[in-house]
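Student: This is the content of input-v7.cif (mmCIF, C-alpha atoms):
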data_coords
loop_
_atom_site.label_atom_id
_atom_site.label_comp_id
_atom_site.auth_asym_id
_atom_site.auth_seq_id
_atom_site.Cartn_x
_atom_site.Cartn_y
_atom_site.Cartn_z
CA MET A 481 72.96 14.41 -8.68
CA GLU A 482 71.67 15.73 -11.98
CA ILE A 483 68.28 16.60 -10.44
CA LEU A 484 69.92 18.43 -7.52
CA ASP A 485 72.17 20.25 -9.92
CA TYR A 486 69.11 21.25 -11.94
CA PHE A 487 67.32 22.57 -8.83
CA LYS A 488 70.47 24.56 -7.89
CA ALA A 489 70.64 25.93 -11.42
CA ILE A 490 67.08 27.24 -11.41
CA GLY A 491 67.68 28.85 -8.01
CA ARG A 492 64.75 30.88 -6.77
CA ARG A 493 62.58 29.60 -9.57
CA PHE A 494 62.42 26.27 -7.70
CA TRP A 495 59.53 27.67 -5.67
CA VAL A 496 57.47 27.85 -8.83
CA LEU A 497 57.38 24.04 -8.75
CA VAL A 498 55.97 24.21 -5.23
CA LEU A 499 53.70 27.24 -5.17
CA VAL A 500 51.88 26.83 -8.51
CA PRO A 501 50.75 23.21 -7.86
CA ALA A 502 49.90 24.07 -4.24
CA ILE A 503 47.74 27.02 -5.26
CA ALA A 504 46.13 25.06 -8.12
CA GLY A 505 45.22 22.28 -5.69
CA LEU A 506 44.09 24.48 -2.80
CA LEU A 507 41.78 26.73 -4.81
CA PRO A 508 39.23 24.02 -5.72
CA LEU A 509 39.58 22.52 -2.24
CA THR A 510 38.75 25.93 -0.79
CA TYR A 511 35.63 26.04 -2.93
CA PHE A 512 34.41 22.75 -1.46
CA VAL A 513 35.12 23.98 2.08
CA LEU A 514 33.47 27.40 1.69
CA ARG A 515 30.40 26.42 -0.31
CA PRO A 516 27.03 26.10 1.52
CA THR A 517 26.70 23.19 3.94
CA GLU A 518 25.02 20.15 2.45
CA TYR A 519 22.91 17.57 4.24
CA ALA A 520 22.28 13.97 3.26
CA ALA A 521 19.57 11.47 4.12
CA LYS A 522 19.79 7.80 3.20
CA VAL A 523 17.21 5.06 2.83
CA THR A 524 18.18 1.43 2.37
CA VAL A 525 15.75 -0.77 0.46
CA VAL A 526 15.64 -4.12 2.28
CA PRO A 527 13.65 -6.48 -0.01
CA VAL A 528 13.73 -9.55 2.26
CA SER A 529 10.13 -10.52 1.41
CA LEU A 530 10.27 -9.33 -2.19
CA VAL A 531 13.15 -11.23 -3.76
CA GLY A 532 13.46 -15.02 -3.84
CA GLY A 533 11.57 -16.96 -1.21
CA VAL A 534 8.10 -18.21 -2.10
CA ARG A 535 7.11 -19.33 -5.57
CA THR A 536 4.76 -16.40 -6.06
CA ASN A 537 7.40 -13.68 -5.70
CA GLN A 538 7.88 -11.52 -8.76
CA TYR A 539 11.70 -11.65 -8.49
CA ARG A 540 13.10 -15.19 -8.45
CA GLY A 541 15.99 -17.09 -9.95
CA SER A 542 19.75 -16.75 -9.99
CA ASP A 543 19.67 -13.15 -11.23
CA ALA A 544 16.80 -12.03 -8.98
CA ASP A 545 18.99 -9.79 -6.77
CA LYS A 546 20.61 -8.03 -9.71
CA PHE A 547 17.33 -7.77 -11.58
CA PHE A 548 15.57 -6.17 -8.60
CA ALA A 549 18.41 -3.71 -7.90
CA ASN A 550 18.51 -2.68 -11.57
CA ASN A 551 14.75 -2.17 -11.64
CA VAL A 552 14.83 0.00 -8.52
CA THR A 553 17.69 2.04 -9.99
CA GLY A 554 15.88 2.43 -13.29
CA ALA A 555 12.63 3.45 -11.62
CA LEU A 556 14.44 6.14 -9.60
CA LYS A 557 15.75 7.74 -12.80
CA THR A 558 12.45 8.11 -14.64
CA ASN A 559 10.93 11.53 -15.24
CA ARG A 560 7.59 10.21 -14.02
CA LEU A 561 9.01 9.41 -10.58
CA MET A 562 10.90 12.71 -10.38
CA ASP A 563 7.68 14.60 -11.09
CA GLN A 564 5.75 12.51 -8.58
CA VAL A 565 8.29 13.12 -5.80
CA SER A 566 8.27 16.81 -6.67
CA GLN A 567 4.49 16.96 -6.32
CA GLU A 568 4.57 15.12 -2.99
CA THR A 569 7.37 17.16 -1.41
CA GLY A 570 7.20 20.54 -3.15
CA VAL A 571 10.86 20.26 -4.19
CA PRO A 572 11.50 21.10 -7.89
CA ALA A 573 12.00 18.02 -10.06
CA ARG A 574 15.39 19.26 -11.28
CA ALA A 575 16.59 19.56 -7.66
CA VAL A 576 15.34 16.05 -6.90
CA ARG A 577 17.17 14.67 -9.93
CA SER A 578 20.45 16.46 -9.19
CA GLY A 579 20.53 15.49 -5.52
CA LEU A 580 19.38 11.86 -5.72
CA ARG A 581 21.99 9.09 -5.66
CA VAL A 582 21.30 5.36 -6.06
CA SER A 583 23.81 2.58 -5.38
CA PRO A 584 23.31 -1.19 -4.99
CA VAL A 585 24.93 -2.73 -1.90
CA ASN A 586 27.65 -4.98 -3.37
CA THR A 587 25.94 -7.73 -5.38
CA SER A 588 22.89 -8.05 -3.13
CA ALA A 589 19.33 -6.91 -3.77
CA PHE A 590 19.75 -4.16 -1.15
CA VAL A 591 19.83 -0.64 -2.58
CA ASN A 592 20.96 2.60 -0.95
CA VAL A 593 19.06 5.72 -1.95
CA THR A 594 20.62 9.02 -0.85
CA TYR A 595 19.46 12.59 -1.30
CA VAL A 596 21.89 15.50 -0.82
CA THR A 597 20.65 19.09 -0.46
CA THR A 598 21.56 22.39 1.15
CA LYS A 599 18.10 22.48 2.80
CA LYS A 600 18.16 20.10 5.76
CA ARG A 601 14.38 19.86 6.14
CA GLN A 602 14.01 18.56 2.57
CA ALA A 603 16.50 15.69 2.82
CA GLU A 604 14.39 13.10 4.65
CA PRO A 605 11.02 13.70 2.94
CA VAL A 606 12.52 13.56 -0.56
CA VAL A 607 14.54 10.37 -0.10
CA ARG A 608 11.65 8.63 1.67
CA ALA A 609 9.19 9.62 -1.07
CA ALA A 610 11.59 8.54 -3.83
CA ALA A 611 12.21 5.07 -2.37
CA THR A 612 8.53 4.56 -1.52
CA ASP A 613 7.35 5.61 -4.97
CA ALA A 614 9.94 3.39 -6.68
CA LEU A 615 8.74 0.28 -4.82
CA HIS A 616 5.12 1.24 -5.36
CA PHE A 617 5.82 1.67 -9.08
CA LEU A 618 7.39 -1.79 -9.35
CA PHE A 619 4.74 -3.73 -7.44
CA GLN A 620 1.56 -1.68 -7.92
CA SER A 621 1.69 -2.38 -11.66
CA GLN A 622 1.57 -6.14 -11.03
CA TYR A 623 -1.42 -5.72 -8.76
CA ASP A 624 -3.17 -3.45 -11.27
CA VAL A 625 -2.67 -6.00 -14.06
CA ALA A 626 -4.07 -8.82 -11.92
CA LYS A 627 -7.03 -6.72 -10.80
CA ALA A 628 -7.77 -5.73 -14.40
CA GLU A 629 -7.79 -9.42 -15.33
CA VAL A 630 -10.25 -10.12 -12.49
CA ASP A 631 -12.51 -7.29 -13.64
CA ALA A 632 -12.36 -8.46 -17.27
CA ALA A 633 -13.23 -12.05 -16.30
CA GLN A 634 -16.07 -10.82 -14.07
CA LYS A 635 -17.43 -8.66 -16.88
CA GLN A 636 -17.41 -11.65 -19.21
CA ALA A 637 -19.21 -13.79 -16.60
CA ASP A 638 -21.80 -11.02 -16.10
CA GLN A 639 -22.39 -10.85 -19.84
CA ALA A 640 -22.94 -14.61 -19.92
CA ASP A 641 -25.36 -14.38 -16.98
CA ASP A 642 -27.32 -11.61 -18.68
CA GLY A 643 -27.55 -13.69 -21.83
CA LEU A 644 -28.69 -16.78 -19.90
CA ASN A 645 -31.34 -14.77 -18.08
CA GLY A 646 -32.61 -13.41 -21.41
CA ILE A 647 -32.83 -16.91 -22.87
CA SER A 648 -34.63 -18.12 -19.77
CA ARG A 649 -37.26 -15.43 -20.24
CA GLN A 650 -37.70 -16.39 -23.88
CA SER A 651 -38.16 -20.06 -22.97
CA GLY A 652 -40.81 -19.42 -20.34
CA GLY A 653 -38.64 -19.39 -17.26
CA GLN A 654 -37.01 -22.74 -18.15
CA THR A 655 -33.80 -23.74 -19.79
CA PRO A 656 -34.26 -24.24 -23.55
CA ASP A 657 -33.63 -27.98 -23.35
CA LEU A 658 -36.37 -28.50 -20.75
CA ALA A 659 -38.81 -26.30 -22.66
CA TYR A 660 -37.98 -28.16 -25.90
CA ALA A 661 -38.46 -31.56 -24.24
CA ALA A 662 -41.79 -30.55 -22.71
CA LEU A 663 -43.15 -29.15 -25.96
CA SER A 664 -41.94 -32.03 -28.11
CA ARG A 665 -43.62 -34.57 -25.83
CA GLY A 666 -47.04 -33.03 -26.50
CA LEU A 667 -46.59 -32.60 -30.25
CA PRO A 668 -47.35 -36.22 -31.33
CA ALA A 669 -50.64 -36.19 -29.45
CA LEU A 670 -51.59 -32.90 -31.05
CA GLN A 671 -50.74 -34.26 -34.51
CA ALA A 672 -52.81 -37.37 -33.84
CA THR A 673 -55.76 -35.25 -32.79
CA ALA A 674 -55.52 -33.30 -36.03
CA ALA A 675 -55.50 -36.50 -38.01
CA ARG A 676 -58.62 -37.87 -36.28
CA ALA A 677 -60.54 -34.64 -36.58
CA LYS A 678 -63.57 -35.02 -38.93
CA ASP A 679 -64.35 -31.33 -39.00
CA PRO A 680 -62.07 -29.63 -41.58
CA ALA A 681 -62.22 -26.33 -39.74
CA GLY A 682 -61.27 -28.01 -36.46
CA ALA A 683 -58.52 -29.98 -38.16
CA ALA A 684 -57.14 -26.80 -39.73
CA GLN A 685 -57.11 -25.07 -36.35
CA ILE A 686 -55.29 -27.99 -34.77
CA ASN A 687 -52.80 -28.06 -37.67
CA GLN A 688 -52.11 -24.38 -37.03
CA GLN A 689 -51.31 -25.27 -33.43
CA VAL A 690 -49.02 -28.03 -34.67
CA ALA A 691 -47.23 -25.60 -37.03
CA ALA A 692 -46.86 -23.07 -34.22
CA ALA A 693 -45.46 -25.76 -31.94
CA GLN A 694 -42.99 -26.85 -34.62
CA ALA A 695 -41.89 -23.25 -35.15
CA ARG A 696 -41.52 -22.88 -31.40
CA LEU A 697 -39.42 -26.03 -31.29
CA ALA A 698 -37.17 -24.59 -34.01
CA ASP A 699 -36.74 -21.39 -31.99
CA LEU A 700 -36.01 -23.39 -28.85
CA GLY A 701 -33.44 -25.39 -30.77
CA LYS A 702 -31.63 -22.17 -31.69
CA LEU A 703 -31.90 -20.88 -28.14
CA GLU A 704 -30.46 -24.14 -26.86
CA GLY A 705 -27.37 -23.65 -29.03
CA GLN A 706 -26.97 -20.09 -27.73
CA TYR A 707 -27.60 -21.33 -24.20
CA LEU A 708 -24.84 -23.95 -24.42
CA ALA A 709 -22.42 -21.38 -25.86
CA LEU A 710 -23.18 -18.98 -23.00
CA ILE A 711 -22.78 -21.78 -20.45
CA ASP A 712 -19.32 -22.51 -21.87
CA MET A 713 -18.48 -18.81 -21.92
CA ARG A 714 -19.48 -18.45 -18.28
CA ARG A 715 -17.50 -21.54 -17.26
CA ARG A 716 -14.34 -20.20 -18.91
CA ALA A 717 -14.90 -16.74 -17.40
CA VAL A 718 -15.30 -18.21 -13.90
CA ASN A 719 -12.08 -20.22 -14.32
CA LEU A 720 -10.21 -17.14 -15.58
CA ARG A 721 -11.57 -15.12 -12.69
CA GLY A 722 -10.38 -17.70 -10.19
CA ASP A 723 -6.86 -17.69 -11.63
CA ALA A 724 -6.81 -13.89 -11.79
CA GLU A 725 -8.04 -13.61 -8.21
CA GLN A 726 -5.19 -15.88 -7.12
CA ARG A 727 -2.68 -13.64 -8.91
CA GLU A 728 -4.35 -10.57 -7.42
CA THR A 729 -3.98 -12.02 -3.93
CA GLU A 730 -0.31 -12.81 -4.54
CA ALA A 731 0.33 -9.35 -5.98
CA SER A 732 -1.42 -7.70 -3.03
CA VAL A 733 0.81 -9.63 -0.62
CA GLN A 734 3.92 -8.39 -2.45
CA LEU A 735 2.55 -4.85 -2.57
CA ALA A 736 2.01 -4.97 1.20
CA ALA A 737 5.56 -6.29 1.66
CA ALA A 738 6.83 -3.33 -0.39
CA ALA A 739 5.25 -0.83 2.02
CA PRO A 740 7.75 1.63 3.58
CA GLU A 741 7.42 0.14 7.07
CA ASN A 742 8.32 -3.31 5.71
CA ALA A 743 10.98 -2.66 3.07
CA LEU A 744 12.74 0.61 3.97
CA VAL A 745 15.31 1.48 6.63
CA LEU A 746 15.73 5.24 7.04
CA GLY A 747 18.96 6.70 8.39
CA LYS A 748 19.44 10.01 10.17
CA VAL A 749 19.99 13.26 8.30
CA HIS A 750 23.66 14.28 8.56
CA ARG A 751 26.06 16.85 7.18
CA SER A 752 27.61 15.77 3.92
CA PHE A 753 31.05 16.61 2.57
CA PRO A 754 32.18 15.10 -0.75
CA PHE A 755 35.66 14.02 0.36
CA ASN A 756 36.31 11.89 -2.71
CA ASP A 757 35.21 14.61 -5.13
CA ALA A 758 37.24 17.25 -3.30
CA LEU A 759 40.33 15.04 -3.22
CA GLN A 760 40.06 14.19 -6.91
CA VAL A 761 39.63 17.83 -7.91
CA ALA A 762 42.48 18.97 -5.64
CA VAL A 763 44.87 16.31 -6.94
CA GLY A 764 43.85 17.08 -10.50
CA GLY A 765 44.42 20.79 -9.95
CA ALA A 766 47.82 20.19 -8.35
CA ALA A 767 48.85 17.93 -11.22
CA GLY A 768 47.75 20.56 -13.71
CA GLY A 769 49.63 23.25 -11.79
CA LEU A 770 52.76 21.13 -11.76
CA PHE A 771 52.52 20.69 -15.51
CA VAL A 772 52.16 24.44 -15.99
CA ALA A 773 55.07 25.14 -13.63
CA VAL A 774 57.38 22.72 -15.42
CA GLY A 775 56.36 24.19 -18.76
CA TYR A 776 57.04 27.70 -17.48
CA LEU A 777 60.50 26.80 -16.16
CA PHE A 778 61.40 25.03 -19.38
CA ALA A 779 60.31 28.03 -21.42
CA ARG A 780 62.32 30.39 -19.15
CA GLU A 781 65.41 28.23 -19.46
CA VAL A 782 65.16 28.24 -23.23
CA TRP A 783 64.55 31.99 -23.30
CA ASP A 784 67.42 32.71 -20.91
CA GLY A 785 69.75 30.57 -23.03
CA VAL A 786 68.80 32.50 -26.12
CA ARG A 787 69.42 35.80 -24.33
CA ARG A 788 72.82 34.67 -23.05
CA ARG A 789 73.96 33.65 -26.50
CA SER A 790 72.76 36.97 -27.88
CA ARG A 791 74.76 38.92 -25.27
CA LEU A 792 77.88 36.86 -25.89
CA GLU A 793 77.67 37.47 -29.59
CA ALA A 794 77.19 41.22 -28.96
CA VAL A 795 80.35 41.59 -26.82
CA GLU A 796 82.62 39.26 -28.82
CA PRO A 797 85.65 41.40 -30.06
CA VAL A 798 85.99 42.05 -33.75
CA PRO A 799 89.37 40.76 -35.17
CA ALA A 800 91.84 43.57 -36.18
CA ARG A 801 92.63 44.02 -39.87
CA GLY A 802 96.22 43.71 -41.05
#
Rewrite the structure of this file - the entire thing - as structure tokens.

Tutor:
Amino acid sequence: MEILDYFKAIGRRFWVLVLVPAIAGLLPLTYFVLRPTEYAAKVTVVPVSLVGGVRTNQYRGSDADKFFANNVTGALKTNRLMDQVSQETGVPARAVRSGLRVSPVNTSAFVNVTYVTTKKRQAEPVVRAAATDALHFLFQSQYDVAKAEVDAAQKQADQADDGLNGISRQSGGQTPDLAYAALSRGLPALQATAARAKDPAGAAQINQQVAAAQARLADLGKLEGQYLALIDMRRRAVNLRGDAEQRETEASVQLAAAAPENALVLGKVHRSFPFNDALQVAVGGAAGGLFVAVGYLFAREVWDGVRRRSRLEAVEPVPARG
């Protein structure tokens, strides 16, 4: 009864409690209704062949779904991707950033990418480019790393081959060990010939040949060490190249699986109205209006009380003097 009595006491001012909150709630709601029509396009990232599954997948383990969804979300917020989408679609990067929304689907690896804009023709190209570029960013880097490893291993193998070819030319078209063996087999006979020679000049000439052969053997010995080192270098390079080529093949398979036709599901462009945002703003405005209305009525009641006491004191009769 006290509340009813209070409403009766405030009389016509009761409508302040109704009109002020109603106006405060309807004004922002009217803004949402009258503002330019917005359109939304949505792409769902469906990483069936990208998460879990075979041993070679980049995303595996108990947290693979969450890890993938977080990486997609992070990629879609980078300035690099915003600029890339802007270049591909002609839409300013700031507009791409303000209109793009990313939300994982529950706790799965699926991710919804939505773009909202007042220009209907921009909705689908922007959201498609954003999702495509995000997947390309995540999986192209793995392929690039593997390909760089293949190229580095191949370069090392080529360097070893060039060195082996150079050594082969220095050893007369043979490997150093064969050239060393062939030369060393003839050296004892040459030394024996020098020892049997009775002509000093002839013996000296043969000894020069022996010295040259010994020097050649020393050079071939050094070349053989270099040759073995290059053989080992080439063997390691070939093994590294094989492993890198395997990783490159695996990365290329994932990159192909991340192609738009394999990993994206595009929805139709539709009109978008932010019901939740409008409701929250309207309720907030109404609550604020109610607070203001109650404050106003309280202030008026206090002011009216003060005025009534002032009038009563003004008309109170003055006691007569005896």

Student: Would you mind telling me which residue in A:Ala633, A:Lys522, A:Gln726, A:Lys600 lies nearest to Arg751 of chain A when using only C-alpha atoms?

Tutor: A:Lys600

Student: For the provided coordinates, the residues matched by the PyMOL selection byres ((chain A and resi 525) around 10) should be stated as a list in words.

Tutor: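 Here the PyMOL selection byres ((chain A and resi 525) around 10) matches Lys522, Val523, Thr524, Val526, Pro527, Val528, Ala549, Val552, Pro584, Val585, Ala589, Phe590, Val591, Asn592, Val593, Ala611, Thr612, Leu615, Ala738, Pro740, Asn742, Ala743, Leu744, Val745 and Leu746 of chain A.
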
Student: List the residues matched by the PyMOL selection byres ((chain A and resi 578) around 12) in the displayed structure as a PyMOL selection string, ordered by chain and then by residue number.

Tutor: chain A and resi 556-557+562+571-577+579-582+594-598

Student: Between atom CA of Gln706 of chain A and atom CA of Ala661 of chain A, what distance in Å does the model show, to one decimal?

Tutor: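 Separation between atom CA of Gln706 of chain A and atom CA of Ala661 of chain A: 16.6 Å.
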
Student: Check the smallest atom-to-atom distance from each of A:Met713, A:Gln567, A:Ala724, A:Leu703 to Gly652 of chain A using only C-alpha atoms, then report the winner.

Tutor: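 So, comparing all the options, the nearest one is A:Leu703.
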
Student: Between A:Glu568, A:Arg560, A:Asp699, A:Ala544, which has the minimum distance to Gln650 of chain A (counting all atoms listed in the file)?

Tutor: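 Of the candidates, the smallest distance to Gln650 of chain A is held by A:Asp699.
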
Student: Compare A:Gly775, A:Tyr707, A:Arg608, A:Gln634 by their minimum atom-to-atom distance to Thr655 of chain A, counting only C-alpha atoms, and give me the closest one.

Tutor: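 Of the candidates, the smallest distance to Thr655 of chain A is held by A:Tyr707.
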
Student: In Å, rounded to a single decimal, give me how far atom CA of Ala698 of chain A is from atom CA of Asp638 of chain A.

Tutor: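 Atom CA of Asp638 of chain A sits 27.2 Å away from atom CA of Ala698 of chain A.
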
Student: Listed atoms of segment 717-725 of chain A, axis-aligned box, 6 Å per side: centre and edge lengths to one decimal in Å, as lines of an AutoDock Vina configuration file?

Tutor:
center_x = -11.1
center_y = -16.9
center_z = -12.8
size_x = 20.5
size_y = 18.6
size_z = 21.2

Student: So how many Å separate atom CA of Asn537 of chain A and atom CA of Asn719 of chain A, to one decimal?

Tutor: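 According to the coordinates, atom CA of Asn537 of chain A and atom CA of Asn719 of chain A are separated by 22.3 Å.
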
Student: Could you check which of A:Val607, A:Ala737, A:Val630, A:Ala659 is closest to Gly701 of chain A, using all atoms listed in the file?

Tutor: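 With all atoms listed in the file as the atom set, the closest residue is A:Ala659.
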